[in-house]
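Peer 1: There's a structure below that I have some questions on.
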Amino acid sequence: MSEILVKNGYVYDPKNGVNGDVMDIAVRDDKIVDVVSPTAKVIDASGKVVMAGGIDIHAHVAGPKVNVGRNMRPEDKLFNTSKRTKMTRSGGGFSVPSVFETGYVYSRMGYTQVNEAAMPPLLARHTHEEMADTPLIDQSAYTLLGNNWLVMEYIKRGEQDKLNAFVAWMLKATKGYCIKLVNPGGSEAWGWGMNCVNVSDPVPYFDVMPSEIISGLAAANETLNLPTSIHVHPNNLGHPGNFQTTLDTIKLLEGVLPRDGKKRDQVINFAHMQFHSYGGNTWKDFETEAQTIADSINKNKNMTVDVGFVTLDETTTMTADGPMEYYLHNTNHLKWANADIELETAAGVVPYIYSPKISVCGIQWAIGLELALLIDDPMQAFITTDHPNAGPFRRYPRIISWLMSNQARLDRLETLHKVVPDRVAIGGISRVLDFYDIAKMTRAGPARALGLGNMKGHLGVGADADVAIFDYNPKTMDPTIDPAGIEKAFTNTAYTIKGGEIVVIDGEVVSKGHKRTIWVDATDGVVDPVILHDIDKKFLRYYSVTMNNYPVQDEYVANGLIVKPEAA
Amino acid sequence: MKKITLRPKDKEYMFLDADNVTPDNFAGKTLDEVRAIEIYEGNRTYALGDYFEVSGETDPDPNEIGILIDGSVPKVKYIGMKMSAGKLLVKGSVGMYVGGWMTGGRIRVNGDAEAYAGIGMEGGELLIEGNAGDYLGATYRGDWRGMKGGKIVVNGNAGSDIGESMVGGEIVVKGNADLQAGIHMGWVSKKKDNPTIVIEGDAESRVGAQMTKGEITVLGKISYWLPGFIYQKDDQIDYDGKQYAVKVYQGDRGEGGKGTLYYAGA
């Protein structure tokens, strides 16, 4: 039995209504408890900020396309490497770090759970192998289903029961956590050299519309009562004027409530909404529509977004949105990788430089911040960079400093291209967020959206003992005028505790940790021989592997934690 | 200028990574501190003093430091990496990556240099009195932004792919060059940049493949031409105090390139 007492910190724990009160947090083994014995190890957190461990709801950190990014960008590792120490392995990479580096950097920022946002089912084993090698952080992976042939065929034929069963089977076969849709229908259309730009563009051959795919999978999600909602990367990412497509997507699920409202509030989480809030008709008259999108999210309490902040860095874009990466490659002419994943999805990888001197990049930077500040409830908007698409995750501390300081934003805005201030609204938004809001956007919010609100993202009794202690005194220091101090404090924690184990002290990794891989088994009483026959037929006819070789074996899942949906 | 001498000890080793051997890194250090500077053999760390006798004196200002490597070190890599000031003289040959990513100062190598000499260079001068290997003044693997500035002179011959993805700066090879000199040259150059390569001897083949901007001058023969270079006119150029009659070509049209190739060898 190990016990830790975190004493006298300024605690920010939105789920339990604790807003900066000086409190002690007691840890026994891997859970938060009421009291510990006097022999517990004491951590003096006086004058420091204490939060639950951070949760990244959307990042690309493991799997085939991340590895393609690593392989095709050796220059990303040049001068960005870290040496082996007694506790850590060597690693490197700025925008697509190696798996070990990923675990260390997240832990140093106080994050304890990171969710891989796009796992191609056929290559799930690879994704799990990489996650197994990512130390210190709990992980889950979202199974890509939005362009799957069987999904589209069941939807076309109106066979919702079979769709539900297939989804449950797929989540178990891939050891995935939730249903992820990336450019629904559009990535399959890319296999025909086409795209689905609107939710009503039919997918070639399959003749279903993205709107039907989204509604159908959302219905399956609620029928199966999965812990989290569907996660959707909407159609038409990153094009001027695409906010209309986003509004159309929002309309599809207006008023729909989750089957189990106790666990989560949302029926859809929009991925990287920044990329979907664009106005104008071309890049020449490109402008923000963040206000429109934020208004819509404010009205629809059954929806959440992760923002996907542009950090103005050189990075590597990678997505299952194949046509979008081709478009990007034609824009910047840098190297491009493309993949077609048989009956399931597509992918592309292109390096990208978000240059502060380019007007479009500056406007994108502003749109992300506007969204976060114009959405009233931070429990609906989460901090992500869609790592590494809009910027590397290691920039989260800088994003936090922008959100907490209007001065920091205005200073940055001044250095951008001269047309930026006219095309964005960020200069007129004086709202600044406080530590309580930040805790909602990085802890309580993502945990609740993932349906893990009782276990993660808070510091109440019974929660997982994931704690981040930041060396920043909120009573004597002022984040609104001290962005550099915030960035420093959030880059390297004073302590990170993961699962009751101290893993980081003063920015130094001191443990190899005990990571867990969380996945969802919703197959109980759902999967029947009929759909197994359907699946087998697809394997015999089209797949390059047989059905027997397809499901990820248990031994590939590092320290698995199975979440089963409760009957609502 | 203060002189500090590194004389190779008679010691066996595989290859050394000596990316800390620069005037910038020696500045303000005592001789003992210089001896303690980290050097890598494989994945193990040793001290510079384990492999070199260190003598002479240093200065707080890197501009005032001249490093003399008194012997041939063909298995020591990254000498002068990222140096910004001062001088470095090698009385012999050097290993790969000499002067890589240097931004200023001067390096002179009496002997030969292995591959990747002057890779990613941004400024300063690199003189190789013997032969240079492949990827002279090229870009790091995968990167599309190569040599940005500075000047490299090779008195002997150079290998393949010299000046690959060159953005700016100048490379002069007084001997011959192997395949693909100036490949991908200029395609991310800015308006002010004019990457330049001069080959006084012969160039094997595919000179300027996919180049889009900049100038390549070949005074000797090109064995195999790319079809993407289009004859423009006959001209006279002035090089090194002499007049040469040249044919002027533009290319590589395969990339819509506007690079210029001056060819005196025909």
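Following the order of the structure tokens, chains are lettered A, B, ..., residues in each are numbered from 1, and ligands are numbered from 1.
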Neighbouring residues of Ser55 (chain B) were defined as those with any atom within 12 Å, considering only C-alpha atoms; residues of the same chain fewer than 3 positions away were excluded. Please report them as a list of chain:residue names.

Peer 2: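 My reading of the contact set: B:Lys2, B:Lys3, B:Ile4, B:Thr5, B:Leu6, B:Arg7, B:Pro8, B:Thr30, B:Leu31, B:Asp32, B:Glu33, B:Val34, B:Arg35, B:Gly49, B:Phe52, B:Thr58, B:Ile67, B:Leu68, B:Ile69, B:Asp70.
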
Peer 1: Give one line per residue of chain B that approaches chain A to at most 8 Å, naming the two atoms of the closest pair and their distance in Å to one decimal, counting only C-alpha atoms; sort by chain then ascending residue number and deliver it as CSV.

Peer 2:
residue,atom,partner,partner_atom,distance
B:Tyr140,CA,A:Glu75,CA,6.6
B:Arg141,CA,A:Pro74,CA,6.4
B:Gly142,CA,A:Pro74,CA,5.7
B:Asp143,CA,A:Glu75,CA,5.5

Peer 1: Could you pull the residues within 9 Å of Tyr13 (chain B), counting only C-alpha atoms, minus those fewer than 4 positions along the same chain, as a list in words?

Peer 2: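 These residues fall inside the cut-off: Glu41, Tyr51 and Lys75 of chain B.
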
Peer 1: Quick check for you: according to DSSP on this backbone, which residues of region 227-451 of chain A are classed as strand (DSSP E)? Reply as a PyMOL selection string.

Peer 2: chain A and resi 230-233+268-270+278-279+287-288+303-306+314-319+337-341+345-353+381-382

Peer 1: Rank nothing, just name the residue among A:Gly158, A:Gly507, A:Pro204, A:Gly176 nearest to Thr228 (chain A), using only C-alpha atoms.

Peer 2: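 Nearest candidate to Thr228 (chain A) out of A:Gly158, A:Gly507, A:Pro204, A:Gly176: A:Gly176.
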
Peer 1: Residues within 8 Å of Glu38 (chain B), please, as JSON, numbers by chain. Count only C-alpha atoms; anything in the same chain fewer than 5 positions from it doesn't count.

Peer 2: {"B": [18, 20, 45, 46, 47, 48]}

Peer 1: Could you write those residues out with C-alpha atoms, as a tab-separated table (two decimals), in the first residue's frame?

Peer 2:
chain	number	residue	atom	x	y	z
B	18	ALA	CA	32.50	15.82	-32.38
B	20	ASN	CA	31.01	20.26	-29.78
B	45	THR	CA	29.93	9.63	-24.11
B	46	TYR	CA	33.61	10.39	-23.59
B	47	ALA	CA	35.73	13.48	-23.06
B	48	LEU	CA	37.49	15.28	-25.90
